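J.: Got a file for you: model_7.cif, mmCIF, C-alpha atoms.
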data_target
#
loop_
_atom_site.label_atom_id
_atom_site.label_comp_id
_atom_site.auth_asym_id
_atom_site.auth_seq_id
_atom_site.Cartn_x
_atom_site.Cartn_y
_atom_site.Cartn_z
CA MET F 1 -27.89 -47.23 -7.82
CA GLU F 2 -30.09 -44.11 -7.82
CA LYS F 3 -27.47 -42.17 -5.85
CA HIS F 4 -24.85 -43.07 -8.49
CA ALA F 5 -27.17 -41.85 -11.27
CA ILE F 6 -27.68 -38.50 -9.48
CA LYS F 7 -23.94 -37.99 -9.08
CA GLN F 8 -23.33 -38.93 -12.68
CA SER F 9 -26.01 -36.58 -14.05
CA ALA F 10 -24.68 -33.66 -11.97
CA ALA F 11 -21.17 -34.32 -13.23
CA THR F 12 -22.25 -34.45 -16.85
CA LYS F 13 -23.92 -31.04 -16.58
CA ARG F 14 -20.57 -29.50 -15.65
CA ARG F 15 -18.71 -31.12 -18.49
CA SER F 16 -19.24 -31.26 -22.19
CA PRO F 17 -19.78 -34.66 -23.87
CA ASN F 18 -16.03 -35.05 -24.48
CA GLY F 19 -15.35 -34.90 -20.73
CA ARG F 20 -13.87 -31.41 -20.77
CA PRO F 21 -15.24 -28.56 -18.62
CA ALA F 22 -18.10 -26.60 -20.19
CA PRO F 23 -17.11 -23.72 -22.49
CA THR F 24 -18.87 -21.17 -20.23
CA TYR F 25 -16.77 -22.35 -17.28
CA LEU F 26 -13.57 -22.14 -19.33
CA ALA F 27 -14.52 -18.64 -20.52
CA LEU F 28 -14.84 -17.55 -16.88
CA ILE F 29 -11.46 -19.12 -16.08
CA ASP F 30 -9.96 -17.16 -18.98
CA LEU F 31 -11.60 -13.97 -17.69
CA PHE F 32 -10.35 -14.45 -14.12
CA PRO F 33 -8.48 -17.65 -13.13
CA LEU F 34 -9.40 -19.16 -9.78
CA ARG F 35 -6.35 -18.42 -7.62
CA PRO F 36 -5.57 -16.77 -4.27
CA LEU F 37 -6.34 -13.04 -4.15
CA ARG F 38 -2.98 -11.48 -3.34
CA SER F 39 -3.58 -7.80 -4.02
CA ALA F 40 -6.26 -5.15 -4.03
CA ARG F 41 -6.30 -5.41 -7.83
CA ASP F 42 -7.00 -9.17 -7.68
CA TYR F 43 -9.74 -8.58 -5.12
CA ALA F 44 -11.40 -5.84 -7.20
CA ALA F 45 -11.30 -7.99 -10.34
CA ALA F 46 -12.81 -10.96 -8.50
CA VAL F 47 -15.62 -8.82 -7.08
CA ALA F 48 -16.35 -7.39 -10.54
CA VAL F 49 -16.70 -10.91 -11.97
CA LEU F 50 -18.92 -11.95 -9.05
CA ASP F 51 -21.10 -8.88 -9.54
CA SER F 52 -21.56 -9.66 -13.24
CA LEU F 53 -22.69 -13.19 -12.38
CA ALA F 54 -24.82 -12.22 -9.37
CA VAL F 55 -27.03 -9.83 -11.35
CA ARG F 56 -28.11 -12.57 -13.73
CA PRO F 57 -31.62 -13.97 -13.15
CA GLU F 58 -32.00 -16.68 -10.51
CA GLY F 59 -31.32 -20.12 -11.96
CA SER F 60 -29.84 -18.82 -15.21
CA LEU F 61 -26.28 -19.90 -14.43
CA GLY F 62 -25.20 -23.20 -15.90
CA GLN F 63 -23.66 -25.76 -13.54
CA GLY F 64 -20.10 -24.80 -14.53
CA GLU F 65 -20.87 -21.11 -14.06
CA GLN F 66 -22.46 -21.84 -10.69
CA ASP F 67 -19.41 -23.86 -9.59
CA TYR F 68 -17.14 -21.02 -10.67
CA PHE F 69 -19.35 -18.47 -8.86
CA ASP F 70 -19.37 -20.53 -5.65
CA THR F 71 -15.59 -21.03 -5.70
CA LEU F 72 -14.82 -17.39 -6.43
CA THR F 73 -17.24 -16.39 -3.65
CA MET F 74 -15.25 -18.56 -1.22
CA LEU F 75 -11.99 -16.89 -2.30
CA VAL F 76 -13.45 -13.39 -1.81
CA GLU F 77 -14.94 -14.33 1.57
CA ALA F 78 -11.60 -15.78 2.72
CA CYS F 79 -9.90 -12.54 1.70
CA ASP F 80 -12.55 -10.52 3.56
CA GLU F 81 -12.12 -12.61 6.71
CA HIS F 82 -8.34 -12.23 6.57
CA HIS F 83 -8.67 -8.47 6.07
CA HIS F 84 -11.15 -8.07 8.93
CA ALA F 85 -8.90 -10.11 11.23
CA LEU F 86 -6.09 -7.66 10.49
CA VAL F 87 -8.30 -4.59 10.97
CA GLY F 88 -8.88 -5.44 14.64
CA GLN F 89 -5.22 -5.02 15.50
CA PRO F 90 -2.84 -2.42 14.19
CA PRO F 91 0.00 -3.89 12.14
CA ASP F 92 3.56 -3.63 13.34
CA PRO F 93 5.85 -1.23 11.43
CA VAL F 94 7.67 -3.96 9.50
CA SER F 95 4.40 -5.57 8.38
CA MET F 96 3.13 -2.17 7.26
CA LEU F 97 6.37 -1.58 5.34
CA LYS F 98 6.16 -5.00 3.67
CA TYR F 99 2.53 -4.37 2.74
CA LEU F 100 3.28 -0.96 1.23
CA MET F 101 6.25 -2.40 -0.64
CA GLN F 102 4.12 -5.22 -2.08
CA GLU F 103 1.29 -2.91 -3.13
CA SER F 104 3.67 -0.47 -4.82
CA GLY F 105 5.88 -3.12 -6.41
CA MET F 106 8.94 -2.02 -4.43
CA THR F 107 11.76 -4.55 -4.08
CA GLN F 108 14.28 -4.91 -1.26
CA ALA F 109 16.88 -3.34 -3.57
CA ASP F 110 14.57 -0.34 -4.09
CA LEU F 111 14.19 -0.03 -0.32
CA ALA F 112 17.96 -0.17 0.09
CA ARG F 113 18.37 2.68 -2.40
CA LEU F 114 15.72 4.72 -0.58
CA LEU F 115 17.32 4.16 2.82
CA GLY F 116 20.85 4.43 1.47
CA ASN F 117 22.12 1.09 2.78
CA ARG F 118 21.46 -2.47 1.56
CA ALA F 119 22.37 -4.13 4.87
CA VAL F 120 20.07 -1.83 6.85
CA ALA F 121 17.17 -2.60 4.50
CA SER F 122 17.75 -6.33 4.96
CA LEU F 123 17.96 -6.03 8.76
CA ILE F 124 14.76 -3.97 8.93
CA LEU F 125 12.79 -6.39 6.77
CA SER F 126 13.98 -9.36 8.82
CA GLY F 127 12.95 -7.60 12.05
CA LYS F 128 16.52 -7.46 13.41
CA ARG F 129 16.66 -3.68 13.32
CA GLU F 130 14.02 -1.07 14.09
CA LEU F 131 13.20 1.86 11.89
CA SER F 132 14.97 5.07 12.87
CA LYS F 133 13.31 8.50 12.75
CA THR F 134 15.19 9.20 9.54
CA HIS F 135 13.97 5.94 7.99
CA ILE F 136 10.39 6.73 9.03
CA ARG F 137 10.58 10.21 7.47
CA LYS F 138 11.96 8.81 4.20
CA LEU F 139 9.38 6.01 4.04
CA ALA F 140 6.44 8.27 4.90
CA GLY F 141 7.53 10.71 2.20
CA HIS F 142 8.08 8.00 -0.39
CA PHE F 143 4.75 6.22 0.20
CA ARG F 144 2.90 9.49 0.95
CA VAL F 145 1.50 8.18 4.23
CA SER F 146 1.53 9.37 7.81
CA PRO F 147 4.76 8.62 9.71
CA ALA F 148 2.52 7.19 12.44
CA LEU F 149 2.08 4.03 10.33
CA PHE F 150 5.69 3.15 11.05
CA LEU F 151 5.57 3.75 14.81
CA GLU F 152 5.32 0.85 17.22
CA THR F 153 2.06 0.84 19.20
CA ILE F 154 2.24 0.15 22.91
CA SER F 155 -0.38 -2.19 24.36
CA ASP F 156 -1.77 -1.76 27.87
#
Just give me the structure of the file as structure tokens.

T.:
Amino acid sequence: MEKHAIKQSAATKRRSPNGRPAPTYLALIDLFPLRPLRSARDYAAAVAVLDSLAVRPEGSLGQGEQDYFDTLTMLVEACDEHHHALVGQPPDPVSMLKYLMQESGMTQADLARLLGNRAVASLILSGKRELSKTHIRKLAGHFRVSPALFLETISD
């Protein structure tokens, strides 16, 4: 019985009397919805929200705010772990191209225009065709990166 009362009291702290989430929790959701962090912009926004909550005095967060903080912390940590896993191994040229395209908002049609051929763009993105020296030069110039990013690394 006591265990049930503890669970019930914790749940009521997170919700207002009408059963809806607390207004402070909803305000945080409006500020930055809890969702996967898919870009550097999402990551930076999430970290900014975490920083604003972390500098508040210990114990000053309401239960809804604490739940939000804990969940957003998990999302940022998952993103960090994924990023660090990728840092240990250099990405292949197609993965690098896809990443640069995503970050810059480039579509497959845009890539086709840059390379001059829609079929070639499709084959490269699907991994069925390698980048030529001409493709690498065009891509490096467009994204303003080193051509080395698009070269295949050879493992020992």

J.: Neighbours of F:Thr24 within 9 Å (all atoms listed in the file; same-chain residues fewer than 5 positions away dropped), as a ChimeraX atom specification?

T.: /F:29,62,64-65

J.: So, counting all atoms listed in the file, which residue among F:Arg129, F:Arg41, F:Arg35, F:Arg144 is closest to F:Met74?

T.: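 Going through F:Arg129, F:Arg41, F:Arg35, F:Arg144 one by one, the smallest distance to F:Met74 is for F:Arg35.
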
J.: Do you have the atom CA of F:Asp92-atom CA of F:Leu149 distance handy?

T.: 8.4 Å

J.: Show me, as JSON, the centre and edge lengths in Å to one decimal of the axis-aligned box that covers every listed atom of stretch 75-82 of chain F with 4 Å on each side.

T.:
{"center_x": -11.6, "center_y": -13.7, "center_z": 2.2, "size_x": 14.6, "size_y": 14.4, "size_z": 17.0}

J.: Between atom CA of F:Glu77 and atom CA of F:Leu28, what distance in Å does the model show, to one decimal?

T.: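 About the pair atom CA of F:Glu77 and atom CA of F:Leu28: they are 18.7 Å apart.
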
J.: At what distance in Å, to one decimal, does atom CA of F:Val145 lie from atom CA of F:Tyr99?

T.: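 These atoms are spaced 12.7 Å apart.
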
J.: Evaluating the PyMOL selection byres ((chain F and resi 50) around 12) on the displayed file yields which residues, as a PyMOL selection string?

T.: chain F and resi 28+31-32+34+43-49+51-56+65-77

J.: Choose the residue, out of F:Ala40, F:Leu151, F:Leu100, F:Leu111, that has the smallest atom-to-atom separation from F:Lys138; count all atoms listed in the file.

T.: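 For F:Lys138, the nearest of the given residues is F:Leu111.
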
J.: Written as a ChimeraX atom specification, what is the full residue list that the PyMOL selection byres ((chain F and resi 131-136) around 9) yields on the file shown?

T.: /F:93-94,114-115,124,129-130,137-141,147-151

J.: My list of candidates is F:Ala119, F:Ala78, F:Ala22, F:Leu97. Which is closest to F:Pro36 when distances are computed with all atoms listed in the file?

T.: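 Of F:Ala119, F:Ala78, F:Ala22, F:Leu97, the one nearest F:Pro36 is F:Ala78, counting all atoms listed in the file.
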
J.: Limit the output to all heavy atoms and give stretch 64-80 of chain F as a PDB file, in the first residue's frame.

T.:
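Ended up saving to decode-v7.pdb:
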ATOM      1  N   GLY F  64       8.453  17.906 -13.345  1.00  0.00           N
ATOM      2  CA  GLY F  64       8.324  17.907 -14.801  1.00  0.00           C
ATOM      3  C   GLY F  64       9.574  18.439 -15.468  1.00  0.00           C
ATOM      4  O   GLY F  64      10.038  17.899 -16.473  1.00  0.00           O
ATOM      5  N   GLU F  65      10.137  19.506 -14.897  1.00  0.00           N
ATOM      6  CA  GLU F  65      11.379  20.065 -15.439  1.00  0.00           C
ATOM      7  C   GLU F  65      12.527  19.068 -15.301  1.00  0.00           C
ATOM      8  O   GLU F  65      13.354  18.922 -16.203  1.00  0.00           O
ATOM      9  CB  GLU F  65      11.747  21.366 -14.713  1.00  0.00           C
ATOM     10  CG  GLU F  65      10.783  22.502 -14.983  1.00  0.00           C
ATOM     11  CD  GLU F  65      11.026  23.682 -14.061  1.00  0.00           C
ATOM     12  OE1 GLU F  65      11.138  23.463 -12.823  1.00  0.00           O
ATOM     13  OE2 GLU F  65      11.099  24.803 -14.593  1.00  0.00           O
ATOM     14  N   GLN F  66      12.572  18.374 -14.159  1.00  0.00           N
ATOM     15  CA  GLN F  66      13.626  17.384 -13.942  1.00  0.00           C
ATOM     16  C   GLN F  66      13.488  16.229 -14.927  1.00  0.00           C
ATOM     17  O   GLN F  66      14.479  15.755 -15.486  1.00  0.00           O
ATOM     18  CB  GLN F  66      13.590  16.866 -12.499  1.00  0.00           C
ATOM     19  CG  GLN F  66      14.758  15.966 -12.150  1.00  0.00           C
ATOM     20  CD  GLN F  66      16.097  16.676 -12.195  1.00  0.00           C
ATOM     21  OE1 GLN F  66      16.260  17.748 -11.620  1.00  0.00           O
ATOM     22  NE2 GLN F  66      17.056  16.107 -12.899  1.00  0.00           N
ATOM     23  N   ASP F  67      12.269  15.768 -15.162  1.00  0.00           N
ATOM     24  CA  ASP F  67      12.028  14.699 -16.132  1.00  0.00           C
ATOM     25  C   ASP F  67      12.487  15.135 -17.526  1.00  0.00           C
ATOM     26  O   ASP F  67      13.129  14.375 -18.250  1.00  0.00           O
ATOM     27  CB  ASP F  67      10.552  14.309 -16.179  1.00  0.00           C
ATOM     28  CG  ASP F  67      10.100  13.554 -14.941  1.00  0.00           C
ATOM     29  OD1 ASP F  67      10.970  13.114 -14.155  1.00  0.00           O
ATOM     30  OD2 ASP F  67       8.879  13.412 -14.762  1.00  0.00           O
ATOM     31  N   TYR F  68      12.123  16.351 -17.892  1.00  0.00           N
ATOM     32  CA  TYR F  68      12.534  16.896 -19.192  1.00  0.00           C
ATOM     33  C   TYR F  68      14.059  16.953 -19.265  1.00  0.00           C
ATOM     34  O   TYR F  68      14.663  16.523 -20.252  1.00  0.00           O
ATOM     35  CB  TYR F  68      11.928  18.289 -19.391  1.00  0.00           C
ATOM     36  CG  TYR F  68      12.318  18.944 -20.684  1.00  0.00           C
ATOM     37  CD1 TYR F  68      11.552  18.768 -21.820  1.00  0.00           C
ATOM     38  CD2 TYR F  68      13.463  19.729 -20.778  1.00  0.00           C
ATOM     39  CE1 TYR F  68      11.915  19.360 -23.023  1.00  0.00           C
ATOM     40  CE2 TYR F  68      13.837  20.316 -21.961  1.00  0.00           C
ATOM     41  CZ  TYR F  68      13.062  20.136 -23.085  1.00  0.00           C
ATOM     42  OH  TYR F  68      13.439  20.718 -24.268  1.00  0.00           O
ATOM     43  N   PHE F  69      14.694  17.488 -18.230  1.00  0.00           N
ATOM     44  CA  PHE F  69      16.155  17.605 -18.171  1.00  0.00           C
ATOM     45  C   PHE F  69      16.807  16.240 -18.329  1.00  0.00           C
ATOM     46  O   PHE F  69      17.748  16.073 -19.118  1.00  0.00           O
ATOM     47  CB  PHE F  69      16.559  18.256 -16.839  1.00  0.00           C
ATOM     48  CG  PHE F  69      18.036  18.412 -16.668  1.00  0.00           C
ATOM     49  CD1 PHE F  69      18.711  19.488 -17.238  1.00  0.00           C
ATOM     50  CD2 PHE F  69      18.766  17.500 -15.931  1.00  0.00           C
ATOM     51  CE1 PHE F  69      20.077  19.647 -17.082  1.00  0.00           C
ATOM     52  CE2 PHE F  69      20.132  17.642 -15.770  1.00  0.00           C
ATOM     53  CZ  PHE F  69      20.791  18.722 -16.344  1.00  0.00           C
ATOM     54  N   ASP F  70      16.322  15.236 -17.588  1.00  0.00           N
ATOM     55  CA  ASP F  70      16.893  13.893 -17.653  1.00  0.00           C
ATOM     56  C   ASP F  70      16.751  13.286 -19.047  1.00  0.00           C
ATOM     57  O   ASP F  70      17.683  12.682 -19.575  1.00  0.00           O
ATOM     58  CB  ASP F  70      16.223  12.972 -16.623  1.00  0.00           C
ATOM     59  CG  ASP F  70      16.541  13.367 -15.188  1.00  0.00           C
ATOM     60  OD1 ASP F  70      17.507  14.132 -14.962  1.00  0.00           O
ATOM     61  OD2 ASP F  70      15.794  12.932 -14.281  1.00  0.00           O
ATOM     62  N   THR F  71      15.585  13.462 -19.651  1.00  0.00           N
ATOM     63  CA  THR F  71      15.343  12.898 -20.984  1.00  0.00           C
ATOM     64  C   THR F  71      16.195  13.587 -22.043  1.00  0.00           C
ATOM     65  O   THR F  71      16.806  12.931 -22.890  1.00  0.00           O
ATOM     66  CB  THR F  71      13.850  13.000 -21.350  1.00  0.00           C
ATOM     67  OG1 THR F  71      13.087  12.353 -20.336  1.00  0.00           O
ATOM     68  CG2 THR F  71      13.567  12.353 -22.689  1.00  0.00           C
ATOM     69  N   LEU F  72      16.274  14.902 -21.989  1.00  0.00           N
ATOM     70  CA  LEU F  72      17.088  15.631 -22.956  1.00  0.00           C
ATOM     71  C   LEU F  72      18.569  15.294 -22.767  1.00  0.00           C
ATOM     72  O   LEU F  72      19.315  15.176 -23.745  1.00  0.00           O
ATOM     73  CB  LEU F  72      16.853  17.138 -22.837  1.00  0.00           C
ATOM     74  CG  LEU F  72      17.441  17.996 -23.956  1.00  0.00           C
ATOM     75  CD1 LEU F  72      16.948  17.553 -25.333  1.00  0.00           C
ATOM     76  CD2 LEU F  72      17.097  19.471 -23.734  1.00  0.00           C
ATOM     77  N   THR F  73      18.987  15.079 -21.537  1.00  0.00           N
ATOM     78  CA  THR F  73      20.363  14.661 -21.266  1.00  0.00           C
ATOM     79  C   THR F  73      20.645  13.319 -21.940  1.00  0.00           C
ATOM     80  O   THR F  73      21.706  13.131 -22.544  1.00  0.00           O
ATOM     81  CB  THR F  73      20.614  14.571 -19.749  1.00  0.00           C
ATOM     82  OG1 THR F  73      20.430  15.856 -19.178  1.00  0.00           O
ATOM     83  CG2 THR F  73      22.019  14.074 -19.446  1.00  0.00           C
ATOM     84  N   MET F  74      19.702  12.391 -21.857  1.00  0.00           N
ATOM     85  CA  MET F  74      19.883  11.090 -22.516  1.00  0.00           C
ATOM     86  C   MET F  74      20.009  11.246 -24.030  1.00  0.00           C
ATOM     87  O   MET F  74      20.825  10.575 -24.666  1.00  0.00           O
ATOM     88  CB  MET F  74      18.739  10.140 -22.169  1.00  0.00           C
ATOM     89  CG  MET F  74      18.798   9.633 -20.744  1.00  0.00           C
ATOM     90  SD  MET F  74      17.598   8.333 -20.384  1.00  0.00           S
ATOM     91  CE  MET F  74      16.074   9.264 -20.342  1.00  0.00           C
ATOM     92  N   LEU F  75      19.214  12.132 -24.621  1.00  0.00           N
ATOM     93  CA  LEU F  75      19.288  12.349 -26.066  1.00  0.00           C
ATOM     94  C   LEU F  75      20.654  12.927 -26.466  1.00  0.00           C
ATOM     95  O   LEU F  75      21.261  12.499 -27.452  1.00  0.00           O
ATOM     96  CB  LEU F  75      18.165  13.276 -26.525  1.00  0.00           C
ATOM     97  CG  LEU F  75      16.759  12.710 -26.484  1.00  0.00           C
ATOM     98  CD1 LEU F  75      15.735  13.807 -26.749  1.00  0.00           C
ATOM     99  CD2 LEU F  75      16.603  11.579 -27.481  1.00  0.00           C
ATOM    100  N   VAL F  76      21.139  13.891 -25.692  1.00  0.00           N
ATOM    101  CA  VAL F  76      22.441  14.498 -25.994  1.00  0.00           C
ATOM    102  C   VAL F  76      23.560  13.474 -25.808  1.00  0.00           C
ATOM    103  O   VAL F  76      24.468  13.374 -26.640  1.00  0.00           O
ATOM    104  CB  VAL F  76      22.671  15.757 -25.123  1.00  0.00           C
ATOM    105  CG1 VAL F  76      24.110  16.235 -25.204  1.00  0.00           C
ATOM    106  CG2 VAL F  76      21.719  16.868 -25.553  1.00  0.00           C
ATOM    107  N   GLU F  77      23.496  12.686 -24.745  1.00  0.00           N
ATOM    108  CA  GLU F  77      24.516  11.662 -24.518  1.00  0.00           C
ATOM    109  C   GLU F  77      24.514  10.612 -25.631  1.00  0.00           C
ATOM    110  O   GLU F  77      25.569  10.169 -26.077  1.00  0.00           O
ATOM    111  CB  GLU F  77      24.309  10.993 -23.162  1.00  0.00           C
ATOM    112  CG  GLU F  77      24.696  11.877 -21.996  1.00  0.00           C
ATOM    113  CD  GLU F  77      24.360  11.280 -20.642  1.00  0.00           C
ATOM    114  OE1 GLU F  77      23.655  10.233 -20.578  1.00  0.00           O
ATOM    115  OE2 GLU F  77      24.801  11.863 -19.633  1.00  0.00           O
ATOM    116  N   ALA F  78      23.339  10.215 -26.091  1.00  0.00           N
ATOM    117  CA  ALA F  78      23.252   9.250 -27.194  1.00  0.00           C
ATOM    118  C   ALA F  78      23.884   9.825 -28.457  1.00  0.00           C
ATOM    119  O   ALA F  78      24.597   9.132 -29.185  1.00  0.00           O
ATOM    120  CB  ALA F  78      21.799   8.863 -27.455  1.00  0.00           C
ATOM    121  N   CYS F  79      23.639  11.108 -28.710  1.00  0.00           N
ATOM    122  CA  CYS F  79      24.237  11.770 -29.868  1.00  0.00           C
ATOM    123  C   CYS F  79      25.754  11.825 -29.725  1.00  0.00           C
ATOM    124  O   CYS F  79      26.492  11.560 -30.670  1.00  0.00           O
ATOM    125  CB  CYS F  79      23.655  13.167 -30.005  1.00  0.00           C
ATOM    126  SG  CYS F  79      24.124  14.010 -31.518  1.00  0.00           S
ATOM    127  N   ASP F  80      26.234  12.147 -28.514  1.00  0.00           N
ATOM    128  CA  ASP F  80      27.678  12.181 -28.256  1.00  0.00           C
ATOM    129  C   ASP F  80      28.315  10.809 -28.482  1.00  0.00           C
ATOM    130  O   ASP F  80      29.357  10.706 -29.117  1.00  0.00           O
ATOM    131  CB  ASP F  80      27.955  12.634 -26.819  1.00  0.00           C
ATOM    132  CG  ASP F  80      27.716  14.109 -26.605  1.00  0.00           C
ATOM    133  OD1 ASP F  80      27.679  14.866 -27.602  1.00  0.00           O
ATOM    134  OD2 ASP F  80      27.559  14.511 -25.436  1.00  0.00           O
TER     135      ASP F  80
END
